[in-house]
$ cat target_35.cif   # mmCIF, C-alpha atoms and all ligand atoms
data_entry
loop_
_atom_site.label_atom_id
_atom_site.label_comp_id
_atom_site.auth_asym_id
_atom_site.auth_seq_id
_atom_site.Cartn_x
_atom_site.Cartn_y
_atom_site.Cartn_z
CA MET A 11 0.00 0.00 0.00
CA LYS A 12 1.19 3.48 -0.85
CA SER A 13 1.97 6.07 1.80
CA ASN A 14 -1.04 7.59 3.41
CA PRO A 15 -1.18 11.38 2.87
CA THR A 16 -3.13 11.85 6.07
CA THR A 17 -0.47 10.07 8.02
CA ASP A 18 2.22 12.12 6.30
CA GLN A 19 0.47 15.38 7.09
CA MET A 20 0.11 14.35 10.67
CA LYS A 21 3.75 13.49 10.81
CA ARG A 22 4.68 16.93 9.48
CA GLY A 23 2.36 18.58 11.96
CA GLU A 24 3.88 16.62 14.78
CA PHE A 25 7.33 17.57 13.61
CA LEU A 26 6.50 21.28 13.55
CA ARG A 27 4.93 21.03 16.98
CA SER A 28 8.02 19.29 18.18
CA LEU A 29 9.93 22.41 17.18
CA GLY A 30 7.71 24.34 19.53
CA MET A 31 6.23 26.58 16.86
CA SER A 32 2.65 26.72 15.72
CA SER A 33 2.08 26.73 12.00
CA ALA A 34 0.80 30.32 12.28
CA ALA A 35 4.05 31.38 13.90
CA LEU A 36 5.99 29.60 11.20
CA MET A 37 3.98 31.37 8.49
CA ALA A 38 4.57 34.76 10.11
CA PHE A 39 8.26 34.01 10.36
CA TYR A 40 8.38 32.88 6.75
CA CYS A 41 6.47 35.93 5.44
CA MET A 42 8.68 38.31 7.38
CA GLY A 43 11.71 36.69 5.85
CA THR A 44 10.22 36.96 2.39
CA THR A 45 9.37 40.63 2.87
CA LEU A 46 12.82 41.44 4.11
CA THR A 47 14.39 39.55 1.28
CA SER A 48 12.32 41.26 -1.37
CA CYS A 49 12.92 44.67 0.23
CA SER A 50 16.63 44.29 0.23
CA LYS A 51 16.50 42.84 -3.26
CA SER A 52 14.72 45.82 -4.72
CA ASN A 53 17.40 48.08 -3.26
CA ASP A 54 20.23 45.92 -4.42
CA ASP A 55 19.07 45.29 -7.96
CA PRO A 56 22.14 45.33 -10.12
CA ALA A 57 22.39 48.31 -12.39
CA PRO A 58 21.52 47.56 -15.99
CA ALA A 59 24.52 46.00 -17.61
CA THR A 60 26.90 48.69 -18.63
CA PRO A 61 28.04 48.38 -22.16
CA GLY A 62 31.02 46.13 -22.03
CA THR A 63 33.51 44.63 -24.33
CA GLY A 64 34.18 41.20 -25.52
CA THR A 65 30.86 39.66 -26.47
CA GLY A 66 30.85 37.05 -29.15
CA THR A 67 33.55 35.30 -30.99
CA THR A 68 35.48 38.44 -31.67
CA THR A 69 36.44 39.64 -28.25
CA GLY A 70 38.55 42.29 -26.69
CA THR A 71 38.88 45.91 -27.56
CA GLY A 72 36.97 47.77 -30.20
CA LEU A 73 33.46 46.80 -29.16
CA THR A 74 31.11 48.58 -26.77
CA GLY A 75 27.54 47.58 -26.07
CA ASN A 76 25.56 44.41 -26.46
CA ALA A 77 26.29 42.19 -29.44
CA ASP A 78 24.69 39.11 -27.95
CA SER A 79 21.01 38.65 -28.75
CA ALA A 80 20.67 36.29 -25.78
CA LYS A 81 21.37 39.26 -23.53
CA GLY A 82 18.71 41.52 -25.02
CA ALA A 83 18.40 43.90 -27.91
CA ILE A 84 21.43 44.18 -30.15
CA ASN A 85 22.97 47.60 -29.68
CA TYR A 86 26.71 48.03 -30.04
CA THR A 87 29.40 50.13 -31.60
CA LEU A 88 32.55 48.90 -33.28
CA ASP A 89 35.72 50.94 -33.36
CA LEU A 90 36.89 50.51 -36.93
CA THR A 91 40.32 51.86 -36.04
CA ASP A 92 40.79 48.90 -33.70
CA THR A 93 42.74 45.98 -35.16
CA ASN A 94 39.83 43.63 -34.39
CA TYR A 95 37.54 45.47 -36.78
CA SER A 96 39.68 47.60 -39.06
CA LYS A 97 39.22 45.07 -41.87
CA LEU A 98 35.61 46.22 -42.02
CA LYS A 99 36.84 49.38 -43.67
CA THR A 100 37.52 47.27 -46.75
CA ALA A 101 34.66 46.32 -49.04
CA GLY A 102 34.16 42.57 -49.25
CA GLN A 103 35.20 41.90 -45.65
CA TYR A 104 33.08 40.67 -42.78
CA ALA A 105 33.34 39.86 -39.08
CA ILE A 106 31.32 37.75 -36.68
CA VAL A 107 30.46 39.96 -33.73
CA GLY A 108 28.52 38.31 -30.92
CA SER A 109 25.29 37.00 -32.40
CA THR A 110 25.69 38.98 -35.59
CA LEU A 111 27.53 39.04 -38.88
CA VAL A 112 28.75 42.47 -39.95
CA ALA A 113 30.02 43.04 -43.45
CA LYS A 114 31.11 45.82 -45.69
CA VAL A 115 29.59 44.43 -48.85
CA LYS A 116 31.04 44.70 -52.32
CA GLY A 117 29.17 47.90 -53.08
CA GLY A 118 30.64 49.55 -49.96
CA ASN A 119 27.55 49.55 -47.73
CA PHE A 120 27.55 48.04 -44.28
CA ILE A 121 25.14 45.29 -43.36
CA ALA A 122 24.44 43.49 -40.09
CA LEU A 123 22.45 40.27 -39.89
CA SER A 124 21.89 37.50 -37.39
CA LYS A 125 24.80 35.10 -37.77
CA VAL A 126 22.54 32.13 -36.99
CA CYS A 127 21.34 30.16 -40.00
CA THR A 128 17.57 29.80 -39.72
CA HIS A 129 17.81 26.18 -40.81
CA GLU A 130 19.79 24.56 -38.02
CA GLY A 131 21.73 27.37 -36.46
CA THR A 132 25.15 27.16 -38.11
CA THR A 133 27.09 30.43 -38.27
CA VAL A 134 26.77 31.91 -41.73
CA GLN A 135 29.43 33.74 -43.72
CA TYR A 136 29.57 36.59 -46.21
CA ARG A 137 30.83 35.69 -49.68
CA SER A 138 32.22 38.66 -51.50
CA ASP A 139 32.43 36.85 -54.86
CA SER A 140 28.69 36.35 -55.05
CA ASP A 141 27.90 39.21 -52.64
CA ASP A 142 25.64 37.04 -50.51
CA ILE A 143 25.43 35.14 -47.24
CA TYR A 144 26.18 31.43 -47.22
CA CYS A 145 25.70 28.61 -44.75
CA SER A 146 28.28 25.89 -45.26
CA ASN A 147 26.30 23.30 -43.32
CA HIS A 148 23.58 22.49 -45.85
CA GLY A 149 24.21 25.17 -48.44
CA SER A 150 21.53 27.74 -47.70
CA GLU A 151 22.08 31.13 -49.31
CA PHE A 152 20.70 34.49 -48.28
CA THR A 153 20.78 37.93 -49.82
CA THR A 154 22.63 40.73 -48.06
CA THR A 155 19.31 41.83 -46.56
CA GLY A 156 18.84 38.36 -45.08
CA ALA A 157 16.16 36.99 -47.44
CA VAL A 158 16.42 33.32 -48.40
CA LYS A 159 17.82 32.74 -51.90
CA VAL A 160 18.40 29.01 -51.65
CA GLY A 161 17.09 26.57 -49.00
CA PRO A 162 16.84 24.41 -47.03
CA ALA A 163 16.53 27.49 -44.79
CA ALA A 164 12.99 28.82 -45.09
CA LYS A 165 13.16 31.92 -42.91
CA ALA A 166 15.09 35.13 -43.47
CA LEU A 167 18.00 36.11 -41.26
CA THR A 168 17.17 38.94 -38.86
CA GLN A 169 18.48 42.20 -40.23
CA TYR A 170 19.90 44.92 -38.00
CA LYS A 171 20.43 48.62 -38.66
CA THR A 172 23.89 49.97 -39.22
CA ALA A 173 25.06 53.57 -38.92
CA LEU A 174 28.54 54.75 -39.76
CA SER A 175 29.93 57.77 -37.90
CA THR A 176 30.70 60.81 -40.01
CA ASP A 177 34.42 60.27 -39.62
CA GLY A 178 33.93 56.67 -40.78
CA ASN A 179 35.69 55.29 -37.71
CA SER A 180 32.84 53.70 -35.83
CA LEU A 181 29.91 51.60 -36.83
CA THR A 182 26.82 51.32 -34.67
CA VAL A 183 24.55 48.29 -35.02
CA THR A 184 21.08 48.34 -33.51
CA ALA A 185 18.00 46.14 -33.53
S1 LIG A 201 22.19 24.94 -40.86
FE1 LIG A 201 22.40 26.35 -42.44
S2 LIG A 201 21.68 25.31 -44.17
FE2 LIG A 201 21.36 23.89 -42.57
#

$ encode --input "target_35.cif" --output "structure tokens"
Amino acid sequence: MKSNPTTDQMKRGEFLRSLGMSSAALMAFYCMGTTLTSCSKSNDDPAPATPGTGTGTTTGTGLTGNADSAKGAINYTLDLTDTNYSKLKTAGQYAIVGSTLVAKVKGGNFIALSKVCTHEGTTVQYRSDSDDIYCSNHGSEFTTTGAVKVGPAAKALTQYKTALSTDGNSLTVTA
């Protein structure tokens, strides 16, 4: 026969009584603890993450902000004078930055797309020869705006906005 819930409850009750506290006293104690905890929590909430460096596969200097979509909205700036990103001044080059792929396409414009192939999640690459985005896993191809050209991927890559500073030395990518 399985355990009898009534017996179990009685056992718990007896145990609490054996501690010398009524269940009401225990509840009051528990609630007070909860209130105190939540009070101190609301005062100690960590500040929103300050833009940091080093998200994604390209880490280190030259990046401020959030390049990782798992951490919230994409919003970061690349220092194109930094050695990590200076290649992006050259048309036909690209870099994987956090969850994104950033490229200066053949025509000279900047693009930023999700790096995650919508088929099975492989990191995509920019191909300057064909001026498109390619997934080496199963051969999906996307346009530079993220639309599917060739499957098996069926969904477009998320496209982000890019803005180049007037001096051409920093590129901001936002959702
Ligand atoms: S994961 Fe990209 S085509 Fe399959």

$ atom_distance --input "target_35.cif" --atom1 "CA of Val134 in chain A" --atom2 "CA of Thr74 in chain A"
22.8 Å

$ atom_distance --input "target_35.cif" --atom1 "CA of Pro162 in chain A" --atom2 "CA of Thr133 in chain A"
14.8 Å

$ residues_around --input "target_35.cif" --residues "range 110-122 of chain A" --least-positions-apart "4" --cutoff "6 Å" --atoms "only C-alpha atoms" --output "PyMOL selection string"
chain A and resi 98+101-106+170

$ closest_residue --input "target_35.cif" --among "A:Lys125, A:Lys99, A:Arg137, A:Lys81" --to "ligand LIG 201 (chain A)" --atoms "all atoms listed in the file"
A:Lys125

$ closest_residue --input "target_35.cif" --among "A:Ser140, A:Ser150, A:Thr93, A:Asn179" --to "ligand LIG 201 (chain A)" --atoms "all atoms listed in the file"
A:Ser150

$ closest_atom_pairs --input "target_35.cif" --of "chain A" --to "ligand LIG 201 (chain A)" --cutoff "7 Å" --atoms "all atoms listed in the file" --output "CSV"
residue,atom,partner,partner_atom,distance
A:Cys127,CA,A:LIG201,FE1,4.6
A:Thr128,CA,A:LIG201,FE1,6.5
A:His129,CA,A:LIG201,S1,4.6
A:Glu130,CA,A:LIG201,S1,3.7
A:Gly131,CA,A:LIG201,S1,5.0
A:Thr132,CA,A:LIG201,S1,4.6
A:Cys145,CA,A:LIG201,FE1,4.6
A:Ser146,CA,A:LIG201,FE1,6.5
A:Asn147,CA,A:LIG201,FE1,5.0
A:His148,CA,A:LIG201,S2,3.8
A:Gly149,CA,A:LIG201,S2,5.0
A:Ser150,CA,A:LIG201,S2,4.3
A:Gly161,CA,A:LIG201,S2,6.8
A:Pro162,CA,A:LIG201,S2,5.7
A:Ala163,CA,A:LIG201,S2,5.6

$ closest_residue --input "target_35.cif" --among "A:Thr168, A:Thr153, A:Ser96, A:Thr71" --to "Ser180 in chain A" --atoms "only C-alpha atoms"
A:Ser96

$ atom_distance --input "target_35.cif" --atom1 "CA of Gly178 in chain A" --atom2 "CA of Asn94 in chain A"
15.7 Å

$ residues_near_point --input "target_35.cif" --point "(17.0, 37.0, -30.0)" --cutoff "10 Å" --atoms "all atoms listed in the file" --output "PyMOL selection string"
chain A and resi 78-84+109+124+168+185

$ residues_around --input "target_35.cif" --residues "Ala166 in chain A" --least-positions-apart "2" --cutoff "6 Å" --atoms "all atoms listed in the file" --output "ChimeraX atom specification"
/A:156-158

$ axis_aligned_box --input "target_35.cif" --around "range 91-101 of chain A" --padding-each-side "6 Å" --output "lines of an AutoDock Vina configuration file"
center_x = 38.7
center_y = 47.7
center_z = -41.4
size_x = 20.1
size_y = 20.2
size_z = 27.3

$ build_atoms --input "target_35.cif" --residues "range 147-158 of chain A" --atoms "all heavy atoms" --output "CSV table (one decimal), in the frame of the given file"
chain,number,residue,atom,x,y,z
A,147,ASN,N,26.8,24.6,-43.9
A,147,ASN,CA,26.3,23.3,-43.3
A,147,ASN,C,25.5,22.5,-44.3
A,147,ASN,O,25.8,21.4,-44.7
A,147,ASN,CB,25.5,23.5,-42.0
A,147,ASN,CG,25.4,22.3,-41.2
A,147,ASN,OD1,25.8,21.2,-41.6
A,147,ASN,ND2,24.9,22.4,-40.0
A,148,HIS,N,24.4,23.2,-44.8
A,148,HIS,CA,23.6,22.5,-45.8
A,148,HIS,C,23.4,23.4,-47.1
A,148,HIS,O,22.5,23.1,-47.9
A,148,HIS,CB,22.2,22.1,-45.3
A,148,HIS,CG,22.3,21.4,-44.0
A,148,HIS,ND1,22.0,22.0,-42.8
A,148,HIS,CD2,22.6,20.1,-43.7
A,148,HIS,CE1,22.2,21.1,-41.8
A,148,HIS,NE2,22.6,20.0,-42.3
A,149,GLY,N,24.2,24.4,-47.2
A,149,GLY,CA,24.2,25.2,-48.4
A,149,GLY,C,23.2,26.3,-48.6
A,149,GLY,O,22.9,26.7,-49.7
A,150,SER,N,22.5,26.7,-47.5
A,150,SER,CA,21.5,27.7,-47.7
A,150,SER,C,22.2,29.0,-48.1
A,150,SER,O,23.4,29.3,-47.7
A,150,SER,CB,20.8,28.0,-46.4
A,150,SER,OG,19.9,27.0,-46.2
A,151,GLU,N,21.5,29.8,-48.9
A,151,GLU,CA,22.1,31.1,-49.3
A,151,GLU,C,21.0,32.2,-49.0
A,151,GLU,O,19.8,32.0,-49.2
A,151,GLU,CB,22.4,31.1,-50.8
A,151,GLU,CG,23.5,30.1,-51.1
A,151,GLU,CD,23.8,30.0,-52.6
A,151,GLU,OE1,23.2,30.8,-53.4
A,151,GLU,OE2,24.5,29.1,-53.0
A,152,PHE,N,21.6,33.4,-48.6
A,152,PHE,CA,20.7,34.5,-48.3
A,152,PHE,C,21.2,35.7,-49.0
A,152,PHE,O,22.4,35.8,-49.3
A,152,PHE,CB,20.7,34.8,-46.8
A,152,PHE,CG,20.4,33.6,-45.9
A,152,PHE,CD1,21.4,32.7,-45.6
A,152,PHE,CD2,19.1,33.4,-45.4
A,152,PHE,CE1,21.0,31.6,-44.7
A,152,PHE,CE2,18.8,32.3,-44.6
A,152,PHE,CZ,19.7,31.4,-44.3
A,153,THR,N,20.3,36.7,-49.3
A,153,THR,CA,20.8,37.9,-49.8
A,153,THR,C,21.4,38.8,-48.7
A,153,THR,O,21.3,38.4,-47.5
A,153,THR,CB,19.6,38.7,-50.4
A,153,THR,OG1,18.8,39.1,-49.3
A,153,THR,CG2,18.8,37.9,-51.4
A,154,THR,N,22.0,39.9,-49.1
A,154,THR,CA,22.6,40.7,-48.1
A,154,THR,C,21.6,41.5,-47.2
A,154,THR,O,22.0,42.1,-46.2
A,154,THR,CB,23.6,41.8,-48.7
A,154,THR,OG1,22.8,42.5,-49.7
A,154,THR,CG2,24.8,41.1,-49.3
A,155,THR,N,20.3,41.3,-47.5
A,155,THR,CA,19.3,41.8,-46.6
A,155,THR,C,18.7,40.7,-45.7
A,155,THR,O,17.8,40.9,-44.9
A,155,THR,CB,18.2,42.6,-47.3
A,155,THR,OG1,17.5,41.6,-48.2
A,155,THR,CG2,18.7,43.8,-48.1
A,156,GLY,N,19.2,39.5,-45.9
A,156,GLY,CA,18.8,38.4,-45.1
A,156,GLY,C,17.8,37.5,-45.7
A,156,GLY,O,17.5,36.4,-45.1
A,157,ALA,N,17.2,37.8,-46.8
A,157,ALA,CA,16.2,37.0,-47.4
A,157,ALA,C,16.8,35.7,-48.0
A,157,ALA,O,17.9,35.6,-48.4
A,157,ALA,CB,15.5,37.8,-48.6
A,158,VAL,N,16.0,34.6,-47.9
A,158,VAL,CA,16.4,33.3,-48.4
A,158,VAL,C,16.5,33.3,-49.9
A,158,VAL,O,15.5,33.7,-50.6
A,158,VAL,CB,15.5,32.2,-47.9
A,158,VAL,CG1,15.9,30.9,-48.5
A,158,VAL,CG2,15.4,32.2,-46.4
